[in-house]
file structure_7.csv (CSV, C-alpha atoms)
chain,number,residue,atom,x,y,z
A,1,MET,CA,32.7,-33.7,-11.2
A,2,PHE,CA,29.7,-31.6,-10.3
A,3,PRO,CA,26.3,-33.3,-9.7
A,4,ARG,CA,23.8,-32.8,-12.5
A,5,PRO,CA,21.4,-31.3,-12.4
A,6,LEU,CA,22.8,-28.8,-9.9
A,7,ALA,CA,19.8,-28.4,-7.7
A,8,TRP,CA,22.1,-27.0,-5.0
A,9,ILE,CA,22.0,-23.6,-6.8
A,10,LEU,CA,18.3,-23.5,-7.8
A,11,PRO,CA,15.7,-21.8,-5.7
A,12,LEU,CA,14.7,-24.4,-3.2
A,13,GLY,CA,12.8,-22.3,-0.7
A,14,ALA,CA,15.1,-23.6,2.0
A,15,ALA,CA,14.3,-22.1,5.4
A,16,LEU,CA,17.0,-20.8,7.7
A,17,CYS,CA,17.4,-22.6,11.0
A,18,THR,CA,15.3,-20.9,13.6
A,19,ALA,CA,17.0,-22.1,16.8
A,20,ALA,CA,20.0,-19.7,16.6
A,21,SER,CA,20.3,-16.0,17.2
A,22,TYR,CA,20.0,-14.0,14.0
A,23,GLY,CA,21.7,-10.8,13.1
A,24,ALA,CA,24.6,-11.0,10.5
A,25,ASP,CA,24.2,-10.1,6.8
A,26,LEU,CA,26.5,-11.6,4.2
A,27,GLU,CA,27.2,-9.7,1.0
A,28,VAL,CA,28.6,-12.0,-1.8
A,29,GLU,CA,30.4,-10.3,-4.7
A,30,LEU,CA,31.0,-12.3,-7.8
A,31,ARG,CA,33.8,-11.3,-10.1
A,32,GLY,CA,34.9,-12.7,-13.4
A,33,ILE,CA,31.7,-13.1,-15.3
A,34,HIS,CA,32.4,-12.5,-19.0
A,35,SER,CA,28.9,-11.9,-20.3
A,36,ALA,CA,25.8,-10.1,-19.2
A,37,GLU,CA,23.6,-13.0,-20.5
A,38,GLY,CA,21.6,-15.0,-18.0
A,39,HIS,CA,21.9,-14.9,-14.2
A,40,ALA,CA,24.4,-15.4,-11.4
A,41,LEU,CA,23.1,-18.1,-9.1
A,42,VAL,CA,24.4,-18.2,-5.6
A,43,ALA,CA,23.8,-20.8,-2.9
A,44,LEU,CA,24.7,-20.4,0.8
A,45,HIS,CA,25.5,-23.8,2.4
A,46,GLY,CA,25.7,-24.6,6.1
A,47,GLU,CA,27.4,-27.6,7.7
A,48,ALA,CA,25.5,-30.8,6.9
A,49,PRO,CA,27.3,-33.8,8.4
A,50,GLY,CA,27.2,-36.7,6.1
A,51,ALA,CA,26.1,-34.7,3.1
A,52,ASP,CA,28.3,-33.9,0.1
A,53,PHE,CA,29.2,-30.3,-0.7
A,54,PRO,CA,27.5,-28.7,-2.5
A,55,SER,CA,24.2,-30.5,-2.1
A,56,ASP,CA,20.5,-29.8,-1.5
A,57,ALA,CA,20.9,-31.0,2.1
A,58,SER,CA,23.3,-28.2,3.0
A,59,VAL,CA,21.5,-25.2,1.3
A,60,VAL,CA,20.2,-22.7,3.8
A,61,ALA,CA,19.6,-19.8,1.4
A,62,ASN,CA,20.0,-19.0,-2.3
A,63,ALA,CA,19.8,-16.0,-4.6
A,64,ALA,CA,19.8,-15.0,-8.2
A,65,ALA,CA,20.8,-11.7,-9.8
A,66,PRO,CA,21.1,-10.6,-13.4
A,67,ALA,CA,24.6,-11.3,-14.8
A,68,ALA,CA,27.0,-8.3,-15.2
A,69,THR,CA,30.6,-8.1,-16.5
A,70,ASP,CA,31.8,-5.8,-13.7
A,71,ALA,CA,30.5,-7.4,-10.5
A,72,VAL,CA,27.3,-9.0,-9.2
A,73,VAL,CA,26.4,-8.6,-5.5
A,74,VAL,CA,23.8,-10.6,-3.6
A,75,VAL,CA,22.9,-10.3,0.0
A,76,PHE,CA,21.8,-12.9,2.6
A,77,ARG,CA,20.2,-11.2,5.6
A,78,ASP,CA,19.8,-12.1,9.3
A,79,LEU,CA,21.9,-15.2,9.3
A,80,PRO,CA,22.7,-17.1,12.5
A,81,ALA,CA,26.3,-17.5,13.6
A,82,GLY,CA,28.0,-20.5,12.2
A,83,ALA,CA,30.1,-22.0,9.5
A,84,TYR,CA,29.0,-21.5,5.9
A,85,ALA,CA,30.3,-22.0,2.4
A,86,VAL,CA,29.2,-20.4,-0.9
A,87,ALA,CA,28.8,-22.0,-4.3
A,88,ALA,CA,28.0,-19.9,-7.3
A,89,PHE,CA,27.9,-20.0,-11.1
A,90,HIS,CA,27.0,-17.9,-14.1
A,91,ASP,CA,24.0,-19.5,-15.7
A,92,ALA,CA,24.6,-17.9,-19.1
A,93,ASN,CA,22.0,-19.9,-20.9
A,94,GLY,CA,19.3,-19.7,-18.2
A,95,ASP,CA,18.7,-23.5,-17.9
A,96,GLY,CA,19.3,-23.5,-14.1
A,97,GLU,CA,22.3,-25.9,-14.3
A,98,LEU,CA,26.0,-25.6,-14.3
A,99,ASN,CA,26.6,-27.1,-17.8
A,100,ALA,CA,29.5,-29.4,-18.3
A,101,ASN,CA,31.2,-31.1,-21.3
A,102,LEU,CA,31.3,-34.8,-22.0
A,103,VAL,CA,34.0,-35.4,-19.4
A,104,GLY,CA,32.2,-33.4,-16.7
A,105,MET,CA,34.2,-30.2,-16.8
A,106,PRO,CA,32.1,-27.1,-16.3
A,107,THR,CA,31.5,-25.0,-19.4
A,108,GLU,CA,30.1,-22.0,-17.4
A,109,CYS,CA,31.9,-19.8,-14.9
A,110,TYR,CA,31.7,-21.1,-11.3
A,111,GLY,CA,33.3,-20.5,-7.9
A,112,PHE,CA,33.3,-21.2,-4.2
A,113,SER,CA,34.1,-19.2,-1.1
A,114,ASN,CA,37.7,-18.9,-0.2
A,115,ASP,CA,38.4,-19.3,-3.9
A,116,ALA,CA,38.5,-23.0,-3.1
A,117,ARG,CA,39.1,-25.4,-5.9
A,118,GLY,CA,38.5,-29.1,-6.0
A,119,PHE,CA,40.4,-31.8,-7.9
A,120,MET,CA,38.1,-33.6,-10.3
A,121,GLY,CA,35.0,-32.1,-8.7
A,122,PRO,CA,34.0,-29.4,-6.2
A,123,PRO,CA,36.1,-28.6,-3.1
A,124,SER,CA,35.2,-29.9,0.3
A,125,PHE,CA,33.0,-27.9,2.6
A,126,ASP,CA,36.0,-27.4,4.9
A,127,ASP,CA,38.0,-25.8,2.1
A,128,ALA,CA,35.3,-23.4,1.2
A,129,ALA,CA,34.0,-22.7,4.8
A,130,PHE,CA,34.2,-19.5,6.7
A,131,SER,CA,32.8,-18.4,10.1
A,132,LEU,CA,30.1,-15.9,10.4
A,133,ASP,CA,29.6,-14.1,13.8
A,134,ALA,CA,26.0,-13.0,14.4
A,135,ASP,CA,27.2,-9.8,16.0
A,136,ALA,CA,29.4,-8.9,13.0
A,137,GLY,CA,26.9,-6.7,11.2
A,138,THR,CA,27.7,-7.2,7.5
A,139,ARG,CA,30.5,-9.4,6.1
A,140,ARG,CA,31.6,-9.0,2.5
A,141,LEU,CA,32.9,-12.0,0.6
A,142,VAL,CA,34.4,-11.9,-2.8
A,143,LEU,CA,34.3,-14.9,-5.1
A,144,ASN,CA,36.5,-14.9,-8.2
A,145,LEU,CA,34.8,-17.2,-10.7
A,146,ALA,CA,36.8,-19.7,-12.7
A,147,CYS,CA,35.7,-19.5,-16.3
A,148,PRO,CA,36.6,-22.1,-18.9
A,149,GLU,CA,37.8,-20.8,-22.2
A,150,SER,CA,34.5,-21.7,-23.8
A,151,ALA,CA,32.7,-19.3,-21.5
A,152,ARG,CA,34.9,-16.2,-22.4
call {"tool": "encode", "arguments": {"input": "structure_7.csv", "output": "structure tokens"}}
result
Amino acid sequence: MFPRPLAWILPLGAALCTAASYGADLEVELRGIHSAEGHALVALHGEAPGADFPSDASVVANAAAPAATDAVVVVFRDLPAGAYAVAAFHDANGDGELNANLVGMPTECYGFSNDARGFMGPPSFDDAAFSLDADAGTRRLVLNLACPESAR
């Protein structure tokens, strides 16, 4: 199950770590949104030993963009090298939460980097993680959102 409310995706004002060398940009493209209602919310997570994924403790940056049925792109700039994972969802009703039914299954489109899928909840950080090299310039990542039938 996903934690509720899903503060891991809301604007938290989390600051990026300042000890590392900056330089890489990350473009995240979300595909699979079935409605232009609401916003796409994207959270970039770093490794946070001992913290669940996704969680407030691991958020290093977040972004929101108007929903679109073709693709939504958000950009995270000047990131230090390291391991990251992305969690995103289509907040169709604008309440800032990934809504779920009575048994905890999401009722809005959601996705994770590497198209990682969990069993009875979100995937692990390791399953969704990717490496970012600070000298890489811009890296593009495509997330294919899973949409429950009720969100189509």
call {"tool": "closest_atom_pairs", "arguments": {"input": "structure_7.csv", "of": "range 19-66 of chain A", "to": "range 119-125 of chain A", "cutoff": "8 Å", "atoms": "all atoms listed in the file", "output": "CSV"}}
result
residue,atom,partner,partner_atom,distance
A:Glu47,CA,A:Phe125,CA,7.6
A:Asp52,CA,A:Ser124,CA,8.0
A:Phe53,CA,A:Phe125,CA,5.6
A:Pro54,CA,A:Pro122,CA,7.5
call {"tool": "atom_distance", "arguments": {"input": "structure_7.csv", "atom1": "CA of Gly23 in chain A", "atom2": "CA of Arg139 in chain A"}}
result
11.3 Å
call {"tool": "residues_around", "arguments": {"input": "structure_7.csv", "residues": "Glu37 in chain A", "least_positions_apart": "6", "cutoff": "10 Å", "atoms": "only C-alpha atoms", "output": "ChimeraX atom specification"}}
result
/A:66-69,90-94
call {"tool": "atom_distance", "arguments": {"input": "structure_7.csv", "atom1": "CA of Pro148 in chain A", "atom2": "CA of Leu44 in chain A"}}
result
23.1 Å
call {"tool": "closest_residue", "arguments": {"input": "structure_7.csv", "among": "A:Asp127, A:Glu97, A:Asp135, A:Glu149", "to": "Leu26 in chain A", "atoms": "all atoms listed in the file"}}
result
A:Asp135
call {"tool": "atom_distance", "arguments": {"input": "structure_7.csv", "atom1": "CA of Ala24 in chain A", "atom2": "CA of Ala136 in chain A"}}
result
5.8 Å
call {"tool": "closest_atom_pairs", "arguments": {"input": "structure_7.csv", "of": "range 22-41 of chain A", "to": "range 71-86 of chain A", "cutoff": "6 Å", "atoms": "only C-alpha atoms", "output": "Markdown table"}}
result
| residue | atom | partner | partner_atom | distance |
| --- | --- | --- | --- | --- |
| A:Tyr22 | CA | A:Pro80 | CA | 4.4 |
| A:Gly23 | CA | A:Asp78 | CA | 4.4 |
| A:Ala24 | CA | A:Asp78 | CA | 5.1 |
| A:Asp25 | CA | A:Arg77 | CA | 4.3 |
| A:Leu26 | CA | A:Phe76 | CA | 5.1 |
| A:Glu27 | CA | A:Val75 | CA | 4.5 |
| A:Val28 | CA | A:Val74 | CA | 5.3 |
| A:Glu29 | CA | A:Val73 | CA | 4.4 |
| A:Leu30 | CA | A:Val72 | CA | 5.2 |
| A:Arg31 | CA | A:Ala71 | CA | 5.1 |
